[in-house]
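Before any comments, here is the structure.
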Amino acid sequence: MLGVVRQKMLGQSFPKIRPAVSVLRSYSSAAKQMTVREALNSALDEEMSADPKVFLMGEEVGEYQGAYKISKGLLEKYGPERVRDTPITEAVFAGIGVGTAYYGLKPVVEFMTFNFSMQAIDHIINSAAKSNYMSAGQMSVPIVFRGPNGAAAGVGAQHSQCYAAWYASCPGLKVLTPYSSEDARGMLKAAIRDPDPVVFLENELLYGEPFPVSDEVLDSSFCLPIGKAKIERVGRDVTITAFSKMVGHALKAAEILEKDGIDAEVINLRSIRPLDRSAINASVRKTNRLITVEEGFPQHGVGAEICASVVEESFAYLDAPVERIAGADIPMPYAANLERMAVPQVEDIVRAAKRACYRSVPLAAAA
Amino acid sequence: MANWVRISSRSIGNHIRKRMNQGFIGSAVDINKSSGSSSALHGGRTVCDRNRRYLNSLPWNRATLFWFQRFKSTVAEKQQDSFLSSDTDDDQLSLDFPGGKVSYTSDMNFISESSQTRVPCYRVLDDDGELIKDTDFQQVSKEAAVKMYSKMVNLQIMDTIFYEAQRQGRISFYLTSAGEEAINIASAAALTEQDIILPQYREPGVLLWRGFTLQEFADQCFGNKADYGKGRQMPIHYGSKKHNFFTISSPIATQLPQAAGIAYSLKMDNKKACVVSYIGDGGTSEGDFHAGLNFAAVMEAPVIFFCRNNGWAISTNVWEQFRSDGIVVKGRAYGIRSIRVDGNDALAVYTAVSAAREMAVNEQRPILIEALTYRVGHHSTSDDSTKYRQSDEIVYWKNARNPVNRFRNWVQSNGWWSDQQETQLRSSVRKQVIISLIGLDIHNLHFFSDT
């Protein structure tokens with residue numbers, strides 16, 4: 001749904017907690033509509049135009065205009081030296097990308113889906129993520145790995161996994177998960193400008209979704225800070241954290257909950273690594289209840305990390321156990337009815353929020 | 001060990017030679033025989049196994065054991081002969097290095113990146129389906145030829161109608177094998193039921209040949225309860241244990257090292273069967289291609305790597321995929337025997353695969369076959385290939401170079417097929433395909449019963 005922020009001006013009760021930047025964000029008036037695809041395309045275009053060292057590499061990014069048309073028009077504008085079509089070798093073009101980054105170029109490597117990044121994961125982790133540390137700062141790797149992540153619709157297990165938790169557990173990487181067009185533009189620009197490796201996890205189903213964007217967002221110098229979450233919806237009763245497509249689900253759930261008198265606060269994490277622990281904890285200290293939502297597998301997931309963080313820092317503030325909503329603990333099935341059961345739905349979030357507010361019987365501890 | 005220390009090589013070399021001629025390494029080894037014979041193998045057991053038993057009792061370490069095994073399989077015939085004959089004049093002309101003897105030269109010459117002429121392509125039928133004079137091929141019986149032709153027609157019609165079904169929204173995804181019917185059916189026809197198939201994704205004809213019904217294909221595409229995959233996998237990702245056809249897996253080229261592994265298991269189990277794994281031109285860029293072929297060669301595994309070089313990997317054409325002379329030349333880089341065939345010539349594909357199978361099984365070695373063809377259809381229902389290639393190119397290959405028509409001409413010219421049978425076959429297959437999609441659901445038909 002539309003990521004419209006209904007921000008009320010809060011009193012001075014939490015001066016240290018809410019960063020000024022996100023307050024400013026909320027005052028931008030929604031004017032133009034832009035799809036996430038257009039947002040990414042324009043961000044790439046502007047960054048390539050501003051910095052000649054930035055170039056794009058991946059399968060089908062050039063002639064084909066991008067497997068999902070994210071790089072549409074870029075080959076024509078910047079030529080084959082800066083928009084490189086590659087053979088089908090993820091491991092190699094990730095490795096080559098890291099090599100160019102060692103040298104000083106700024107590659108943006110596209111994976112047709114992050115499921116295929118597994119064929120390149122050695123380069124992402126061992127060649128990109130760890131190099132700066134292992135060389136004591138002598139080598140830097142200003143590379144961006146981007147592409148669709150998580151479930152699409154009816155593409156089966158080998159095309160539907162969410163890699164946020166895997167990459168976010170690795171020091172040396174930054175992991176970003178945009179939701180709206182504003183997120184997509186601001187965060188891709190920030191990622192390209194960042195001197196360290198960034199894993200930029202998009203979502204295929206969001207590519208075509210339009211979001212309102214303000215003039216500020218459309219400006220070519222627009223950039224969002226990495227590591228800062230966004231409060232999409234302010235609330236009092238329960239905190240719901242989500243990222244990527246699940247933000248939309250969480251907002252819908254919040255609307256449903258409002259009718260039942262539960263005022264939910266929805267946090268769009270935006271950045272999984274570094275995780276905005278201060279924003280999450282501040283919210284939990286206000287609402288005293290937390291639901292984490294993610295598409296990926298439950299074990300060792302993003303929700304598990306958030307729960308641990310809250311228990312470590314805000315345990316005394318919790319009035320209910322933290323609940324995590326995640327994808328089912330199975331490889332994603334193809335059949336539509338099975339797939340629906342394997343991915344979190346809006347009703348799952350609504351039910352969890354009600355449990356957290358003691359409006360319904362709490363779930364027995366998971367087996 | 002012996003060859004690494006030149007000074008004492010002669011004495012140790014003599015010692016080894018004596019032992020080898022006494023059948024020390026294993027009675028099956030007779031280095032003077034040509035490498036094409038089955039001398040290296042005796043009853044499916046490798047020389048390696050015998051080596052291990054003998055050499056474990058010796059004071060030599062594992063490195064020397066490995067050297068023996070490598071020596072046997074990597075040194076070319078000529079070098080073996082010279083090693084065994086006199087060693088006095090050899091020492092002046094050749095160098096000892098790990099990996100065997102190599103002669104040296106004072107001329108600094110780089111091997112050219114490409115040879116003067118491309119590797120020629122084996123074909124049996126000309127473009128009109130007529131037998132080329134004096135050609136070498138495996139004869140097929142009337143029954144086999146008619147079956148092959150019918151299955152090619154089946155595949156063609158199934159592809160057309162299922163593709164349309166996706167466009168109508170009945171199934172979510174499909175990809176065709178248009179233009180590659182000869183590869184699909186003829187390669188399958190040359191194998192036995194025991195041979196294990198690891199496909200890429202454009203080889204449903206192999207499953208069709210083995211008896212997978214049109215209904216079973218449709219069920220998998222629908223992901224309904226009759227689907228063997230129980231709706232877990234995307235459409236066209238067929239798999240059938242009873243047909244020895246491993247379920248199609250999306251990541252490219254992962255099936256190649258897997259195939260080498262399965263072939264190795266067949267070898268250990270002494271089975272008279274091989275593995276056939278398919279890959280496209282694009283897939284050969286993957287690291288797994290290198291790993292799979294290299295290891296199959298080292299393990300001497302009975303696997304046929306069948307590369308369908310159809311010119312396109314989605315929108316990437318072969319010039320942007322690699323700079324070698326296709327895939328066939330890569331075989332030699334791994335020590336694998338290879339051949340290039342006309343993939344649109346069913347008889348050529350049939351003959352090449354039959355010969356390859358025999359070598360793979362009897363000599364326990366991998367074989368690489370590159371079949372040149374053209375991907376007539378789009379990559380899949382998610383692609384529109386007119387965006388990156390000329391429509392008249394597609395039409396040309398669809399009509400003038402059609403493998404189905406070409407084979408039909410040959411079958412008909414033998415008097416084994418008629419126009420009337422053609423019409424009958426096509427209309428009957430069409431009917432069956434449509435029924436499989438919209439279902440006269442025979443699974444749920446209730447027959448009268450007395451109980």
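The chains in the structure tokens are called A, B, ... from first to last as shown; in each chain the residues are counted from 1, and the ligands are counted from 1 in the order shown.
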Problem set entry | Contact set, chain B to chain A: 10 Å, only C-alpha atoms, as JSON, numbers by chain | {"B": [172, 173, 221, 222, 223, 224, 225, 229, 230, 231, 232, 233, 234, 235, 237, 249, 250, 251, 252, 253, 254, 281, 282, 283, 284, 285, 286, 287, 288, 313, 314, 315, 316, 317, 318, 320, 321, 322, 382, 383, 384, 385, 387, 388]}
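With only C-alpha atoms taken into account, the protein and nucleic acid residues at most 9 Å from Ala39 in chain A (excluding it and anything under 3 positions from it in its own chain) are Met34, Thr35, Val36, Ser42, Ala43, Leu44, Ile70, Ser180, Ser181, Glu182, Asp183, Ala184, Arg185, Gly186 and Leu218 of chain A.
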Preceding selection exported with N, CA and C atoms as a PDB file, in the first residue's frame:
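File written: result_39.pdb
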```
ATOM      1  N   MET A  34       5.576   7.332  -8.425  1.00  0.00           N
ATOM      2  CA  MET A  34       6.712   6.715  -9.111  1.00  0.00           C
ATOM      3  C   MET A  34       6.764   5.253  -8.713  1.00  0.00           C
ATOM      4  N   THR A  35       6.968   4.353  -9.693  1.00  0.00           N
ATOM      5  CA  THR A  35       7.080   2.947  -9.314  1.00  0.00           C
ATOM      6  C   THR A  35       8.491   2.685  -8.797  1.00  0.00           C
ATOM      7  N   VAL A  36       8.638   1.593  -8.084  1.00  0.00           N
ATOM      8  CA  VAL A  36       9.946   1.234  -7.546  1.00  0.00           C
ATOM      9  C   VAL A  36      10.931   1.022  -8.690  1.00  0.00           C
ATOM     10  N   SER A  42      16.049   5.473 -12.170  1.00  0.00           N
ATOM     11  CA  SER A  42      16.499   6.860 -12.117  1.00  0.00           C
ATOM     12  C   SER A  42      17.693   7.017 -11.182  1.00  0.00           C
ATOM     13  N   ALA A  43      17.696   6.270 -10.109  1.00  0.00           N
ATOM     14  CA  ALA A  43      18.836   6.341  -9.190  1.00  0.00           C
ATOM     15  C   ALA A  43      20.118   5.883  -9.882  1.00  0.00           C
ATOM     16  N   LEU A  44      20.012   4.758 -10.610  1.00  0.00           N
ATOM     17  CA  LEU A  44      21.181   4.243 -11.327  1.00  0.00           C
ATOM     18  C   LEU A  44      21.648   5.274 -12.348  1.00  0.00           C
ATOM     19  N   ILE A  70      15.031  -2.978 -14.955  1.00  0.00           N
ATOM     20  CA  ILE A  70      15.521  -1.965 -14.026  1.00  0.00           C
ATOM     21  C   ILE A  70      16.561  -1.091 -14.724  1.00  0.00           C
ATOM     22  N   SER A 180       9.544   1.339  -0.353  1.00  0.00           N
ATOM     23  CA  SER A 180       8.852   2.247  -1.263  1.00  0.00           C
ATOM     24  C   SER A 180       9.810   2.793  -2.315  1.00  0.00           C
ATOM     25  N   SER A 181       9.275   3.631  -3.188  1.00  0.00           N
ATOM     26  CA  SER A 181      10.123   4.244  -4.223  1.00  0.00           C
ATOM     27  C   SER A 181      11.116   5.204  -3.594  1.00  0.00           C
ATOM     28  N   GLU A 182      10.685   5.876  -2.551  1.00  0.00           N
ATOM     29  CA  GLU A 182      11.583   6.792  -1.839  1.00  0.00           C
ATOM     30  C   GLU A 182      12.754   6.008  -1.273  1.00  0.00           C
ATOM     31  N   ASP A 183      12.435   4.872  -0.649  1.00  0.00           N
ATOM     32  CA  ASP A 183      13.485   4.003  -0.112  1.00  0.00           C
ATOM     33  C   ASP A 183      14.418   3.577  -1.248  1.00  0.00           C
ATOM     34  N   ALA A 184      13.814   3.139  -2.347  1.00  0.00           N
ATOM     35  CA  ALA A 184      14.605   2.582  -3.449  1.00  0.00           C
ATOM     36  C   ALA A 184      15.584   3.633  -3.971  1.00  0.00           C
ATOM     37  N   ARG A 185      15.082   4.824  -4.197  1.00  0.00           N
ATOM     38  CA  ARG A 185      15.952   5.875  -4.733  1.00  0.00           C
ATOM     39  C   ARG A 185      17.026   6.263  -3.750  1.00  0.00           C
ATOM     40  N   GLY A 186      16.593   6.629  -2.560  1.00  0.00           N
ATOM     41  CA  GLY A 186      17.542   7.140  -1.571  1.00  0.00           C
ATOM     42  C   GLY A 186      18.574   6.126  -1.170  1.00  0.00           C
ATOM     43  N   LEU A 218      12.876  13.418  -5.601  1.00  0.00           N
ATOM     44  CA  LEU A 218      13.202  13.421  -7.024  1.00  0.00           C
ATOM     45  C   LEU A 218      14.514  14.138  -7.326  1.00  0.00           C
TER      46      LEU A 218
END
```
Problem set entry | Which of range 157-312 of chain A fall in alpha helix (DSSP H), as a ChimeraX atom specification | /A:164-168,181-193,215-218,245-259,277-287,302-312
For this session: Rank nothing, just name the residue among A:Ser127, A:Ser283, A:Ser271, A:Ser214 nearest to Ile231 in chain A, using only C-alpha atoms.
Result: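 So, comparing all the options, the nearest one is A:Ser283.
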Exercise. Counting only C-alpha atoms, which of B:Ile248, B:Val329, B:Leu198, B:Ala355 gets nearest to Thr117 in chain B?
Worked result: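 When distances to Thr117 in chain B are compared using only C-alpha atoms, the smallest one comes from B:Val329.
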Problem set entry | CA of Glu203 in chain B to CA of Asn184 in chain B, straight-line distance in Å |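 Interatomic distance here is 5.5 Å.
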For this session: Could you tell me how far CA of Leu224 in chain A lies from CA of Thr241 in chain A, in Å and to one decimal?
Result: 18.9 Å
Exercise. So which bits of range 264-300 of chain B end up strand (DSSP E) when you DSSP the backbone, as an MDAnalysis selection string?
Worked result: chainID B and resid 275:280
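Note that CA of Ala264 in chain A and CA of His249 in chain A are 12.6 Å apart.
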Surrounding residues of Val238 in chain A excluding itself and chain neighbours under 4 positions, 8 Å, only C-alpha atoms, as a PDB file with C-alpha atoms, in the first residue's frame:
```
ATOM      1  CA  ILE A 262      -5.309  -1.367  18.571  1.00  0.00           C
ATOM      2  CA  ASP A 263      -2.976   1.422  17.477  1.00  0.00           C
ATOM      3  CA  ALA A 264       0.000  -0.261  15.858  1.00  0.00           C
ATOM      4  CA  GLU A 265       3.362   1.368  15.169  1.00  0.00           C
ATOM      5  CA  VAL A 284       9.284  -0.948  22.140  1.00  0.00           C
ATOM      6  CA  THR A 287       4.492   0.438  23.132  1.00  0.00           C
ATOM      7  CA  ASN A 288       5.830  -2.427  25.294  1.00  0.00           C
ATOM      8  CA  ARG A 289       4.900  -5.044  22.691  1.00  0.00           C
ATOM      9  CA  LEU A 290       6.709  -6.265  19.607  1.00  0.00           C
ATOM     10  CA  ILE A 291       5.888  -8.314  16.531  1.00  0.00           C
ATOM     11  CA  ALA A 353      -0.742  -8.286  17.255  1.00  0.00           C
ATOM     12  CA  ALA A 356       0.527  -9.493  21.955  1.00  0.00           C
ATOM     13  CA  CYS A 357      -2.180  -7.170  23.221  1.00  0.00           C
TER      14      CYS A 357
END
```
Problem set entry | Which of A:Glu38, A:Glu202, A:Asp260, A:Asp329 sits closest to Phe297 in chain A [using only C-alpha atoms] |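 Of all the options, A:Asp329 lies closest to Phe297 in chain A.
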For this session: Could you give me, as a ChimeraX atom specification, the residues within 8 Å of Arg277 in chain A, counting only C-alpha atoms and dropping anything in the same chain fewer than 4 positions from it?
Result: /A:281,306,309
Identify, on the basis of only C-alpha atoms, every residue whose closest approach to Ile96 in chain A does not exceed 12 Å; exclude the query and any residue fewer than 5 positions from it along the same chain; express the result as a compact mmCIF listing (two decimals) with all heavy atoms, in the first residue's frame.
```txt
# COMPACT_ATOMS: atom_id res chain seq x y z
N LEU A 56 27.55 -0.78 -14.45
CA LEU A 56 26.58 -1.84 -14.15
C LEU A 56 27.01 -3.13 -14.84
O LEU A 56 27.49 -3.12 -15.97
CB LEU A 56 25.23 -1.38 -14.70
CG LEU A 56 23.97 -2.17 -14.40
CD1 LEU A 56 23.78 -2.33 -12.91
CD2 LEU A 56 22.79 -1.43 -14.98
N MET A 57 26.84 -4.24 -14.15
CA MET A 57 27.27 -5.52 -14.72
C MET A 57 26.30 -6.61 -14.30
O MET A 57 25.87 -6.65 -13.15
CB MET A 57 28.68 -5.83 -14.17
CG MET A 57 29.32 -7.04 -14.76
SD MET A 57 31.11 -7.04 -14.52
CE MET A 57 31.22 -6.98 -12.78
N GLY A 58 25.95 -7.48 -15.24
CA GLY A 58 25.05 -8.57 -14.86
C GLY A 58 24.48 -9.25 -16.10
O GLY A 58 24.75 -8.83 -17.22
N ARG A 84 27.55 -3.62 -18.76
CA ARG A 84 28.13 -4.84 -19.32
C ARG A 84 27.21 -6.04 -19.16
O ARG A 84 26.90 -6.44 -18.04
CB ARG A 84 29.44 -5.15 -18.60
CG ARG A 84 30.56 -4.21 -18.93
CD ARG A 84 31.83 -4.99 -19.08
NE ARG A 84 31.79 -5.78 -20.29
CZ ARG A 84 32.49 -5.52 -21.39
NH1 ARG A 84 33.29 -4.50 -21.42
NH2 ARG A 84 32.41 -6.30 -22.43
N THR A 86 26.90 -9.95 -19.10
CA THR A 86 27.90 -10.97 -18.76
C THR A 86 27.43 -12.36 -19.18
O THR A 86 26.23 -12.59 -19.33
CB THR A 86 28.11 -11.02 -17.23
OG1 THR A 86 26.88 -11.39 -16.62
CG2 THR A 86 28.58 -9.69 -16.70
N THR A 89 27.70 -16.61 -15.41
CA THR A 89 28.67 -17.07 -14.43
C THR A 89 28.66 -16.12 -13.26
O THR A 89 29.49 -15.23 -13.17
CB THR A 89 30.08 -17.10 -15.05
OG1 THR A 89 29.99 -17.44 -16.43
CG2 THR A 89 30.94 -18.12 -14.36
N GLU A 90 27.71 -16.32 -12.35
CA GLU A 90 27.58 -15.41 -11.21
C GLU A 90 28.88 -15.30 -10.42
O GLU A 90 29.30 -14.22 -10.04
CB GLU A 90 26.49 -15.90 -10.25
CG GLU A 90 25.08 -15.66 -10.72
CD GLU A 90 24.65 -16.65 -11.78
OE1 GLU A 90 25.41 -17.59 -12.04
OE2 GLU A 90 23.57 -16.46 -12.35
N ALA A 91 29.50 -16.46 -10.21
CA ALA A 91 30.72 -16.46 -9.41
C ALA A 91 31.75 -15.55 -10.06
O ALA A 91 32.42 -14.77 -9.39
CB ALA A 91 31.27 -17.87 -9.29
N ALA A 101 36.45 -3.18 -8.15
CA ALA A 101 36.29 -2.35 -6.96
C ALA A 101 37.61 -2.20 -6.22
O ALA A 101 37.94 -1.11 -5.73
CB ALA A 101 35.24 -2.95 -6.03
N TYR A 102 38.40 -3.26 -6.15
CA TYR A 102 39.73 -3.16 -5.54
C TYR A 102 40.53 -2.07 -6.25
O TYR A 102 41.27 -1.31 -5.66
CB TYR A 102 40.53 -4.46 -5.71
CG TYR A 102 40.16 -5.62 -4.80
CD1 TYR A 102 40.58 -6.90 -5.14
CD2 TYR A 102 39.45 -5.45 -3.62
CE1 TYR A 102 40.28 -7.99 -4.33
CE2 TYR A 102 39.14 -6.54 -2.82
CZ TYR A 102 39.56 -7.81 -3.18
OH TYR A 102 39.27 -8.90 -2.39
N TYR A 103 40.38 -2.04 -7.57
CA TYR A 103 41.14 -1.09 -8.37
C TYR A 103 40.65 0.33 -8.18
O TYR A 103 41.41 1.27 -8.34
CB TYR A 103 41.04 -1.49 -9.84
CG TYR A 103 41.84 -0.62 -10.76
CD1 TYR A 103 43.22 -0.76 -10.86
CD2 TYR A 103 41.22 0.38 -11.52
CE1 TYR A 103 43.95 0.05 -11.69
CE2 TYR A 103 41.95 1.19 -12.36
CZ TYR A 103 43.32 1.02 -12.44
OH TYR A 103 44.05 1.83 -13.27
N LEU A 105 37.13 1.26 -9.22
CA LEU A 105 35.87 1.53 -9.90
C LEU A 105 34.71 1.26 -8.94
O LEU A 105 34.92 0.73 -7.86
CB LEU A 105 35.74 0.66 -11.15
CG LEU A 105 36.76 0.91 -12.25
CD1 LEU A 105 36.49 -0.01 -13.42
CD2 LEU A 105 36.72 2.35 -12.71
N LYS A 106 33.51 1.61 -9.38
CA LYS A 106 32.35 1.40 -8.50
C LYS A 106 31.32 0.53 -9.20
O LYS A 106 30.40 1.05 -9.82
CB LYS A 106 31.75 2.74 -8.12
CG LYS A 106 32.67 3.56 -7.27
CD LYS A 106 31.98 4.73 -6.68
CE LYS A 106 32.86 5.40 -5.65
NZ LYS A 106 32.28 6.66 -5.23
N PRO A 107 31.50 -0.75 -9.12
CA PRO A 107 30.58 -1.63 -9.84
C PRO A 107 29.24 -1.81 -9.12
O PRO A 107 29.18 -1.82 -7.90
CB PRO A 107 31.32 -2.97 -9.87
CG PRO A 107 32.23 -2.91 -8.70
CD PRO A 107 32.55 -1.49 -8.42
N VAL A 108 28.20 -1.94 -9.93
CA VAL A 108 26.90 -2.33 -9.42
C VAL A 108 26.61 -3.66 -10.10
O VAL A 108 26.36 -3.72 -11.30
CB VAL A 108 25.81 -1.30 -9.77
CG1 VAL A 108 24.45 -1.78 -9.28
CG2 VAL A 108 26.15 0.05 -9.16
N VAL A 109 26.69 -4.73 -9.33
CA VAL A 109 26.54 -6.08 -9.89
C VAL A 109 25.10 -6.54 -9.68
O VAL A 109 24.60 -6.53 -8.56
CB VAL A 109 27.51 -7.05 -9.18
CG1 VAL A 109 27.27 -8.49 -9.64
CG2 VAL A 109 28.94 -6.64 -9.47
N ALA A 120 27.76 -17.22 -6.18
CA ALA A 120 28.82 -16.22 -6.11
C ALA A 120 29.15 -15.86 -4.67
O ALA A 120 29.94 -14.95 -4.42
CB ALA A 120 28.35 -14.95 -6.82
N HIS A 123 32.60 -15.00 -3.31
CA HIS A 123 33.16 -13.69 -3.64
C HIS A 123 32.52 -12.57 -2.83
O HIS A 123 33.19 -11.61 -2.45
CB HIS A 123 33.00 -13.40 -5.14
CG HIS A 123 34.09 -14.01 -5.97
ND1 HIS A 123 35.40 -13.67 -5.80
CD2 HIS A 123 34.04 -14.94 -6.94
CE1 HIS A 123 36.14 -14.37 -6.65
NE2 HIS A 123 35.34 -15.16 -7.35
N ILE A 124 31.24 -12.72 -2.56
CA ILE A 124 30.57 -11.66 -1.79
C ILE A 124 31.13 -11.61 -0.38
O ILE A 124 31.43 -10.53 0.15
CB ILE A 124 29.05 -11.90 -1.76
CG1 ILE A 124 28.49 -11.89 -3.19
CG2 ILE A 124 28.36 -10.86 -0.90
CD1 ILE A 124 27.04 -12.27 -3.28
N SER A 127 35.69 -12.30 -0.68
CA SER A 127 36.44 -11.32 -1.46
C SER A 127 36.00 -9.90 -1.19
O SER A 127 36.81 -8.99 -1.18
CB SER A 127 36.28 -11.59 -2.96
OG SER A 127 36.69 -12.88 -3.29
N ALA A 128 34.70 -9.71 -0.99
CA ALA A 128 34.22 -8.34 -0.80
C ALA A 128 34.15 -7.98 0.69
O ALA A 128 34.83 -7.06 1.15
CB ALA A 128 32.88 -8.14 -1.47
N VAL A 141 36.29 -1.88 -0.90
CA VAL A 141 35.50 -2.54 -1.94
C VAL A 141 34.18 -1.81 -2.12
O VAL A 141 33.17 -2.22 -1.56
CB VAL A 141 35.27 -4.02 -1.57
CG1 VAL A 141 34.73 -4.79 -2.76
CG2 VAL A 141 36.54 -4.67 -1.08
N ILE A 143 31.49 -1.78 -3.73
CA ILE A 143 30.67 -2.54 -4.67
C ILE A 143 29.24 -2.64 -4.16
O ILE A 143 29.01 -2.63 -2.95
CB ILE A 143 31.27 -3.95 -4.89
CG1 ILE A 143 30.61 -4.67 -6.08
CG2 ILE A 143 31.15 -4.82 -3.65
CD1 ILE A 143 31.35 -5.93 -6.50
```
